[in-house]
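S.K.: One file is attached below, entry_15.txt, containing compact mmCIF, C-alpha atoms.
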```txt
# COMPACT_ATOMS: atom_id res chain seq x y z
CA MET K 1 -24.33 -25.08 43.92
CA LEU K 2 -27.65 -23.62 45.05
CA TYR K 3 -26.63 -24.07 48.70
CA CYS K 4 -23.38 -22.18 48.09
CA LEU K 5 -25.27 -19.35 46.40
CA ILE K 6 -27.74 -19.06 49.27
CA GLU K 7 -24.90 -19.13 51.80
CA LEU K 8 -23.07 -16.35 49.89
CA ILE K 9 -26.18 -14.15 49.75
CA TYR K 10 -26.82 -14.75 53.46
CA SER K 11 -23.26 -13.85 54.42
CA GLU K 12 -23.32 -10.64 52.38
CA ILE K 13 -26.63 -9.51 53.89
CA TYR K 14 -25.85 -10.33 57.50
CA MET K 15 -22.11 -9.87 57.64
CA ASN K 16 -21.13 -7.19 60.13
CA LYS K 17 -20.18 -4.00 58.32
CA LYS K 18 -17.05 -2.19 59.51
CA VAL K 19 -17.74 1.49 60.04
CA LEU K 20 -14.99 4.06 60.64
CA ILE K 21 -15.65 7.50 62.15
CA VAL K 22 -12.82 10.02 61.82
CA VAL K 23 -13.19 13.07 64.05
CA ALA K 24 -11.02 16.01 64.91
CA HIS K 25 -11.95 15.95 68.60
CA THR K 26 -13.41 13.39 70.95
CA ASP K 27 -17.03 14.52 71.53
CA ASP K 28 -17.64 15.26 67.82
CA GLU K 29 -18.89 11.70 67.39
CA ALA K 30 -21.52 12.06 70.11
CA PHE K 31 -22.74 15.56 69.23
CA GLY K 32 -22.63 14.91 65.49
CA MET K 33 -23.97 11.37 65.05
CA GLY K 34 -24.65 9.71 68.39
CA GLY K 35 -28.05 8.45 67.25
CA THR K 36 -26.68 6.99 64.04
CA ILE K 37 -23.94 5.20 65.98
CA CYS K 38 -26.65 3.57 68.11
CA LYS K 39 -28.46 2.47 64.97
CA HIS K 40 -25.33 0.92 63.46
CA VAL K 41 -24.58 -0.95 66.68
CA ILE K 42 -28.16 -2.24 66.99
CA ASN K 43 -27.94 -3.43 63.38
CA GLY K 44 -24.83 -5.45 64.23
CA ASP K 45 -22.26 -3.24 62.52
CA LEU K 46 -18.76 -2.93 63.98
CA VAL K 47 -18.19 0.77 64.66
CA TYR K 48 -14.71 2.21 65.21
CA ALA K 49 -13.53 5.78 65.67
CA MET K 50 -10.27 7.68 65.61
CA ALA K 51 -9.61 11.19 66.93
CA MET K 52 -6.96 13.43 65.43
CA THR K 53 -6.32 15.90 68.30
CA ASP K 54 -6.26 15.85 72.09
CA GLY K 55 -9.42 17.95 71.98
CA VAL K 56 -8.64 20.52 74.67
CA SER K 57 -5.04 21.78 74.51
CA SER K 58 -6.01 25.06 72.81
CA ARG K 59 -7.98 26.16 75.87
CA GLN K 60 -6.67 28.26 78.71
CA ASN K 61 -5.24 26.52 81.75
CA THR K 62 -5.18 23.13 80.07
CA ASP K 63 -2.81 20.57 81.57
CA ASN K 64 -2.19 16.85 81.22
CA LYS K 65 -4.89 16.15 83.79
CA LYS K 66 -7.56 17.77 81.61
CA ILE K 67 -6.31 15.91 78.55
CA THR K 68 -6.55 12.65 80.51
CA GLN K 69 -10.06 13.56 81.70
CA ARG K 70 -11.14 14.20 78.12
CA LYS K 71 -9.84 10.80 77.06
CA SER K 72 -11.71 9.17 79.96
CA ALA K 73 -14.90 10.90 78.83
CA ALA K 74 -14.30 9.58 75.31
CA LEU K 75 -13.94 6.03 76.60
CA GLU K 76 -17.15 6.40 78.60
CA SER K 77 -18.83 7.62 75.41
CA SER K 78 -17.64 4.61 73.42
CA ASN K 79 -18.72 2.18 76.16
CA TYR K 80 -22.14 3.81 76.29
CA PHE K 81 -22.78 3.97 72.56
CA GLY K 82 -21.14 0.63 71.81
CA PHE K 83 -18.28 1.59 69.50
CA LYS K 84 -14.51 1.31 69.90
CA TRP K 85 -11.84 3.97 69.71
CA ILE K 86 -9.16 2.56 67.45
CA LYS K 87 -6.71 5.45 67.76
CA PHE K 88 -6.21 8.63 69.80
CA ASN K 89 -3.87 10.96 67.96
CA GLN K 90 -2.34 13.84 69.88
CA PHE K 91 -2.06 16.58 67.30
CA PRO K 92 -2.59 20.06 68.80
CA ASP K 93 -6.19 21.11 69.26
CA ASN K 94 -7.44 23.80 66.87
CA LYS K 95 -4.00 23.93 65.27
CA LEU K 96 -4.21 21.26 62.59
CA ASP K 97 -3.37 23.98 60.08
CA SER K 98 0.12 23.95 61.65
CA ILE K 99 0.55 20.26 60.73
CA PRO K 100 1.42 19.13 57.19
CA LEU K 101 -1.67 17.57 55.63
CA LEU K 102 0.42 14.56 54.64
CA ASN K 103 0.97 13.74 58.32
CA LEU K 104 -2.78 13.62 58.91
CA VAL K 105 -3.35 11.55 55.80
CA LYS K 106 -0.75 8.97 56.83
CA GLU K 107 -2.40 8.46 60.24
CA ILE K 108 -5.75 7.82 58.56
CA GLU K 109 -4.22 5.59 55.88
CA GLU K 110 -2.62 3.40 58.55
CA VAL K 111 -6.01 2.82 60.17
CA LYS K 112 -7.63 2.29 56.77
CA LEU K 113 -5.16 -0.43 55.84
CA ASN K 114 -5.54 -2.24 59.16
CA LEU K 115 -9.30 -1.92 59.48
CA GLN K 116 -10.53 -2.00 55.86
CA PRO K 117 -13.82 -0.20 56.62
CA LYS K 118 -16.79 -0.30 54.27
CA LEU K 119 -18.40 2.96 55.42
CA ILE K 120 -16.62 6.14 56.53
CA TYR K 121 -18.02 9.11 58.45
CA THR K 122 -16.20 12.39 58.99
CA HIS K 123 -16.73 16.13 59.32
CA ALA K 124 -18.39 18.27 56.70
CA SER K 125 -15.99 20.55 54.86
CA ALA K 126 -18.52 23.36 55.32
CA ASP K 127 -17.55 24.08 58.92
CA LEU K 128 -16.11 27.05 60.76
CA ASN K 129 -13.73 24.91 62.80
CA ILE K 130 -10.38 24.63 61.01
CA ASP K 131 -9.69 21.19 62.50
CA HIS K 132 -12.97 19.86 61.11
CA ARG K 133 -12.22 21.17 57.62
CA LEU K 134 -8.72 19.70 57.57
CA VAL K 135 -9.85 16.31 58.85
CA ASN K 136 -12.39 16.24 56.02
CA GLN K 137 -9.65 16.98 53.52
CA ALA K 138 -7.35 14.37 55.03
CA VAL K 139 -10.06 11.69 54.94
CA MET K 140 -10.91 12.43 51.31
CA THR K 141 -7.22 12.19 50.45
CA ALA K 142 -6.65 8.98 52.41
CA PHE K 143 -9.70 7.40 50.75
CA ARG K 144 -9.04 8.74 47.25
CA PRO K 145 -10.19 6.29 44.56
CA GLN K 146 -7.58 3.65 43.81
CA ASN K 147 -7.53 0.08 42.54
CA GLY K 148 -8.20 -2.38 45.32
CA GLU K 149 -10.22 -0.06 47.58
CA ILE K 150 -13.05 -1.90 49.34
CA TYR K 151 -15.01 0.94 50.95
CA ASP K 152 -18.45 1.73 49.59
CA GLU K 153 -19.34 5.14 50.93
CA ILE K 154 -18.12 8.35 52.57
CA ARG K 155 -20.57 10.45 54.58
CA THR K 156 -20.06 13.77 56.38
CA PHE K 157 -21.98 15.09 59.38
CA GLU K 158 -22.67 18.40 61.08
CA VAL K 159 -21.48 19.40 64.55
CA PRO K 160 -23.59 21.86 66.59
CA SER K 161 -21.98 25.27 67.23
CA SER K 162 -19.48 24.65 64.48
CA THR K 163 -20.99 23.66 61.15
CA GLU K 164 -23.83 26.18 61.30
CA TYR K 165 -21.40 28.95 62.27
CA GLY K 166 -19.86 28.92 58.81
CA HIS K 167 -21.13 30.82 55.79
CA LYS K 168 -21.43 29.77 52.16
CA SER K 169 -19.19 32.64 51.05
CA VAL K 170 -16.39 31.47 53.35
CA THR K 171 -16.78 27.81 54.25
CA GLN K 172 -19.29 26.59 51.65
CA GLN K 173 -22.60 25.27 52.96
CA PHE K 174 -23.67 22.00 54.53
CA SER K 175 -26.37 20.56 52.26
CA PRO K 176 -27.57 17.20 53.58
CA ASN K 177 -28.80 14.59 51.14
CA LEU K 178 -29.17 11.73 53.62
CA TYR K 179 -31.39 11.69 56.70
CA ILE K 180 -31.19 8.84 59.21
CA ASP K 181 -34.16 8.25 61.48
CA ILE K 182 -33.01 8.35 65.11
CA THR K 183 -36.45 8.63 66.71
CA ASP K 184 -35.81 5.46 68.71
CA PHE K 185 -32.37 6.70 69.80
CA ILE K 186 -32.75 10.42 70.49
CA GLU K 187 -32.96 9.97 74.26
CA LYS K 188 -29.96 7.63 74.23
CA LYS K 189 -28.02 10.23 72.23
CA ILE K 190 -28.87 12.94 74.76
CA GLU K 191 -27.80 10.72 77.65
CA GLY K 192 -24.58 9.76 75.84
CA ILE K 193 -23.63 13.38 75.29
CA LYS K 194 -23.68 13.85 79.05
CA ASN K 195 -20.41 11.91 79.19
CA TYR K 196 -18.91 15.13 77.84
CA PHE K 197 -20.53 17.22 80.54
CA SER K 198 -17.89 19.98 80.26
CA GLU K 199 -18.91 20.55 76.62
CA ILE K 200 -22.61 21.08 77.35
CA ARG K 201 -23.83 24.68 77.44
CA ASN K 202 -26.98 26.39 78.66
CA TYR K 203 -29.96 26.91 76.37
CA PRO K 204 -30.23 28.47 73.78
CA HIS K 205 -26.61 27.63 72.95
CA PRO K 206 -26.45 25.04 70.12
CA ARG K 207 -24.65 22.66 72.48
CA SER K 208 -27.38 22.71 75.09
CA LEU K 209 -29.23 19.42 75.37
CA GLU K 210 -32.49 21.09 74.37
CA SER K 211 -30.93 22.63 71.27
CA ILE K 212 -29.39 19.32 70.22
CA LYS K 213 -32.81 17.72 70.48
CA ASN K 214 -34.31 20.64 68.54
CA LEU K 215 -31.79 20.14 65.72
CA ALA K 216 -32.67 16.45 65.49
CA LYS K 217 -36.34 17.38 65.43
CA TYR K 218 -35.75 19.97 62.71
CA ARG K 219 -33.78 17.53 60.55
CA GLY K 220 -36.44 14.91 61.08
CA ASN K 221 -39.29 17.27 60.26
CA GLN K 222 -37.56 18.14 56.98
CA VAL K 223 -38.26 14.61 55.75
CA GLY K 224 -41.39 13.62 57.64
CA LEU K 225 -39.69 12.05 60.67
CA PHE K 226 -39.81 12.90 64.35
CA TYR K 227 -36.02 12.97 64.86
CA ALA K 228 -33.15 12.51 62.43
CA GLU K 229 -29.45 13.16 61.89
CA SER K 230 -28.42 14.54 58.53
CA PHE K 231 -25.43 13.77 56.34
CA GLU K 232 -23.88 14.59 53.01
CA VAL K 233 -22.93 11.56 50.92
CA LEU K 234 -19.68 12.57 49.23
CA ARG K 235 -18.97 9.31 47.45
CA LYS K 236 -20.95 6.10 47.03
CA ILE K 237 -19.75 3.07 45.08
CA GLU K 238 -22.01 0.19 44.10
CA ARG K 239 -20.13 -2.99 43.24
```
Mind converting the file's structure to structure tokens?
M.R.:
Amino acid sequence: MLYCLIELIYSEIYMNKKVLIVVAHTDDEAFGMGGTICKHVINGDLVYAMAMTDGVSSRQNTDNKKITQRKSAALESSNYFGFKWIKFNQFPDNKLDSIPLLNLVKEIEEVKLNLQPKLIYTHASADLNIDHRLVNQAVMTAFRPQNGEIYDEIRTFEVPSSTEYGHKSVTQQFSPNLYIDITDFIEKKIEGIKNYFSEIRNYPHPRSLESIKNLAKYRGNQVGLFYAESFEVLRKIER
């Protein structure tokens, strides 16, 4: 009996946790929480991600070649950080408001049922980008509380040059209540972002490598750390 109890405690402590990241665009995972992904992987968690749009079709002179290149960059990102893309949806970039919310929810629910994640990350609702806001809403709908749910927590993250561009009178305000120390992973995050080289801008743009490092330093300094990524915990369930 004692052996069984010890074995149960051991399995619960060391069992790999399934983590699901739901993003509007490939690159949001790297810019928003690349350091935290590294930390999950190092800790032995199984990290999966799904993207809702092709990421680039709203831009001028975009063709299938550029969409393919963006997907290749996403796969390089996942190989570098150590997570796995579980689904690439092809909804139109920056036009998720033209898609019924139910369609988005069903895509996420399908992954939820197959994967059964314990921890979910997605965009903050306080964000200027319409795709980010709608993905947040779709995730919250897909993971609405029901009997039989096994997930424990939903966290949202900020994306440089998007979340901070909003305003509390229009998009609400991102108010982090969780800070994850990424001091040991900040350089790896910066290197990983380089997979999306076409998305990097010159300083002082928020998507410059220096600005991304500055944001991590600012978030870390808010809580006595050198570098951190910040999140809002929207729902946490203790069983």
S.K.: Would you please work out which residue, of K:His123, K:Gln116, K:Ile180, K:Val223, is nearest to Gly148 in chain K when using only C-alpha atoms?
M.R.: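 Of K:His123, K:Gln116, K:Ile180, K:Val223, the one nearest Gly148 in chain K, counting only C-alpha atoms, is K:Gln116.
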S.K.: Range 83-163 of chain K near range 20-24 of chain K within 7 Å: what's each residue's closest atom pair and its distance in Å to one decimal, counting all atoms listed in the file, ordered by chain then ascending residue number, as a Markdown table?
M.R.:
```
| residue | atom | partner | partner_atom | distance |
| --- | --- | --- | --- | --- |
| K:Pro117 | CA | K:Leu20 | CA | 6.0 |
| K:Leu119 | CA | K:Leu20 | CA | 6.3 |
| K:Ile120 | CA | K:Leu20 | CA | 4.9 |
| K:Tyr121 | CA | K:Ile21 | CA | 4.7 |
| K:Thr122 | CA | K:Val22 | CA | 5.0 |
| K:His123 | CA | K:Val23 | CA | 6.7 |
| K:Asp131 | CA | K:Ala24 | CA | 5.9 |
| K:His132 | CA | K:Ala24 | CA | 5.8 |
| K:Val135 | CA | K:Ala24 | CA | 6.2 |
```
S.K.: Residues near range 71-78 of chain K, anyone? I mean within 12 Å using all atoms listed in the file, not counting same-chain ones fewer than 2 positions away, as a VMD selection string.
M.R.: chain K and resid 21 23 25 to 31 34 37 to 38 41 47 to 51 53 to 56 64 to 69 80 to 90 188 to 199
S.K.: Closest to Phe91 in chain K among K:Met52, K:Leu113, K:Ala228, K:Leu178, using only C-alpha atoms?
M.R.: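 Using only C-alpha atoms, the shortest distance to Phe91 in chain K belongs to K:Met52.
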S.K.: Rank K:Asn214, K:Pro100, K:His40, K:Glu149 by their smallest atom-to-atom distance to Leu134 in chain K, using all atoms listed in the file, and report the top residue only.
M.R.: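 Of the candidates, the smallest distance to Leu134 in chain K is held by K:Pro100.
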S.K.: Quick one: everything within 6 Å of Tyr227 in chain K, counting all atoms listed in the file, minus sequence neighbours fewer than 3 positions away in the same chain. Send it as a list in words.
M.R.: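 Returned residues: Ile182, Thr183, Ala216, Lys217 and Gly220 of chain K.
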S.K.: Can you pull out every residue within 12 Å of His205 in chain K, counting all atoms listed in the file, but drop anything in the same chain fewer than 3 positions away, and send it as a ChimeraX atom specification?
M.R.: /K:160-162,165,199-202,208-215
S.K.: My list of candidates is K:Phe226, K:Tyr203, K:Phe185, K:Tyr151. Which is closest to Thr36 in chain K when distances are computed with only C-alpha atoms?
M.R.: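 The closest residue to Thr36 in chain K is K:Phe185.
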